[in-house]
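Trainee: Here it is, the structure, as structure tokens.
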Amino acid sequence: MSRNLDMTALRSFVTVADTGGVTRAAGYLNVTQSAVSMQLKRLEEALGQALLDRSSRTIALTPAGEQLLGYARRIVELNDEAWGRMTNQAFEGVINFGVPHDLIYPHVPRVLQRFNAEYPRIKVQLHSLYTRVLKIQLGRGEMDLILATEEQTDPGGETLLRCPLVWMGAIGGQAWKARPLRFATVNHCIFRRPAIEALDRAGIDWENGVDSISDMAVEASISADLAVNAQLQVAVPRGCEMIRHGGALPDLPLYKVNMYLGEGPRAALARRLAVFVRQAYGAQEAGSAAA
């Protein structure tokens, strides 16, 4: 009896799990739906276990499928890494990678460095824009891979990290104690609405602390202890810190860091970059769990 797992079948299984369905997975893999279904059936027969629960309209993983997914993802990523290392001269081109300002650190520089070492003939063009704009550009084919900060995950998205919003202020600052509270943010920031709604529900008077379209201007005002802001806990910039307010400020919602791949002619290159992004956030999740 063969003890070798079929790489094509594993890739189909991971893609179905990531995209939520055979149809979308077939589109990502550029094969027919019947081919994906056949590969999944072959994998289930090889393992002697059902991996997908097909009893409802949406496909879900069985307990055995959930157990296999982690292994399958690692096997596929290691395969792609080895393939890329041995054949990187065959890959060249340009990838447009979109990342919101607050997600560039800490992972993106290291991801770009690793990717360039593995694929020196692929140029990554980094774009720092708001999530809303990046998703529009992805839909128009102008972006090949984007990261997004969202409360939910749209179809085709992959959640890399779940992280709470926190109140952010100057290191050792006192601005968060003032009333009305001086709140600083750019108008298009996705965290502006939930932060203001939380303050209103808590009955806390507030006022605009900064009138700017510049993220750097907002960060400068906060680090100078002139105002506070709402930010992902993992993305608090240097010169600022999470405010430990002891309940004086309201709790903020949980957000997701999601990754979306484009479907254009550079999709294969973007998938290779996505492997490095996924690994970076996977290491962060593991570190958070250990802590």
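Order determines the names: the first chain of the structure tokens is A, the second B, and so forth; residues in each chain are numbered 1 upward, and ligands are numbered 1 upward as they are shown.
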For Asn229 of chain A, please output as an NGL selection string all residues within 8 Å (counting only C-alpha atoms; exclusion window: fewer than 3 positions along the same chain).
Mentor: :A and (167-169 or 183-185 or 222)
Trainee: If you run DSSP on the backbone, which residues of segment 70-115 of chain A are strand (DSSP E or B), as a list in words?
Mentor: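 Put together, the selection reads Gly93, Val94, Ile95, Asn96, Phe97, Gly98 and Val99 of chain A.
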Trainee: Could the residues in this selection be written to a file with N, CA and C atoms, as an mmCIF file, in the first residue's frame?
Mentor:
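Written output follows (part22.cif):
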data_model
loop_
_atom_site.group_PDB
_atom_site.id
_atom_site.type_symbol
_atom_site.label_atom_id
_atom_site.label_comp_id
_atom_site.auth_asym_id
_atom_site.auth_seq_id
_atom_site.Cartn_x
_atom_site.Cartn_y
_atom_site.Cartn_z
ATOM 1 N N GLY A 93 9.065 38.934 -13.346
ATOM 2 C CA GLY A 93 7.897 39.768 -13.565
ATOM 3 C C GLY A 93 7.733 40.742 -12.417
ATOM 4 N N VAL A 94 6.562 41.346 -12.349
ATOM 5 C CA VAL A 94 6.257 42.351 -11.338
ATOM 6 C C VAL A 94 4.978 41.961 -10.615
ATOM 7 N N ILE A 95 4.970 42.078 -9.283
ATOM 8 C CA ILE A 95 3.782 41.839 -8.472
ATOM 9 C C ILE A 95 3.418 43.147 -7.779
ATOM 10 N N ASN A 96 2.164 43.509 -7.812
ATOM 11 C CA ASN A 96 1.660 44.664 -7.074
ATOM 12 C C ASN A 96 1.070 44.172 -5.754
ATOM 13 N N PHE A 97 1.712 44.560 -4.663
ATOM 14 C CA PHE A 97 1.370 44.089 -3.315
ATOM 15 C C PHE A 97 0.850 45.287 -2.524
ATOM 16 N N GLY A 98 -0.415 45.231 -2.113
ATOM 17 C CA GLY A 98 -1.031 46.338 -1.390
ATOM 18 C C GLY A 98 -1.167 46.044 0.094
ATOM 19 N N VAL A 99 -0.732 46.989 0.937
ATOM 20 C CA VAL A 99 -0.753 46.806 2.385
ATOM 21 C C VAL A 99 -1.175 48.117 3.051
#
Trainee: Figure out the distance between atom CA of Glu150 of chain A and atom CA of Ala202 of chain A, please, to one decimal in Å.
Mentor: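 Separating atom CA of Ala202 of chain A from atom CA of Glu150 of chain A is a distance of 23.0 Å.
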Trainee: Using only C-alpha atoms, can you tell me which of A:Ala72, A:Ile243, A:Ala64, A:Ala46 comes closest to Leu10 of chain A?
Mentor: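 For Leu10 of chain A, the nearest of the candidates is A:Ala72.
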Trainee: Need to verify the contact set: segment 126-142 of chain A, 9 Å, only C-alpha atoms, exclusion of same-chain residues closer than 4 positions in sequence. Can you return it as a PyMOL selection string?
Mentor: chain A and resi 95-101+104+146-150+188-190+260-264
Trainee: Distance atom CA of Pro164 of chain A-atom CA of Met143 of chain A, one decimal place?
Mentor: 26.9 Å
Trainee: Find the residues around Ala175 of chain A up to 7 Å (only C-alpha atoms counted), leave out those fewer than 4 positions away in its own chain, and share them as a PDB file with N, CA and C atoms, in the first residue's frame.
Mentor:
ATOM      1  N   ASP A 225       1.576  63.255  22.915  1.00  0.00           N
ATOM      2  CA  ASP A 225       0.583  63.241  23.995  1.00  0.00           C
ATOM      3  C   ASP A 225      -0.461  64.348  23.834  1.00  0.00           C
ATOM      4  N   LEU A 226      -0.830  64.617  22.567  1.00  0.00           N
ATOM      5  CA  LEU A 226      -1.863  65.615  22.303  1.00  0.00           C
ATOM      6  C   LEU A 226      -3.222  64.986  22.042  1.00  0.00           C
ATOM      7  N   ALA A 227      -3.262  63.662  21.834  1.00  0.00           N
ATOM      8  CA  ALA A 227      -4.517  62.982  21.507  1.00  0.00           C
ATOM      9  C   ALA A 227      -4.304  61.485  21.639  1.00  0.00           C
ATOM     10  N   VAL A 228      -5.395  60.737  21.457  1.00  0.00           N
ATOM     11  CA  VAL A 228      -5.330  59.276  21.450  1.00  0.00           C
ATOM     12  C   VAL A 228      -5.953  58.771  20.156  1.00  0.00           C
TER      13      VAL A 228
END
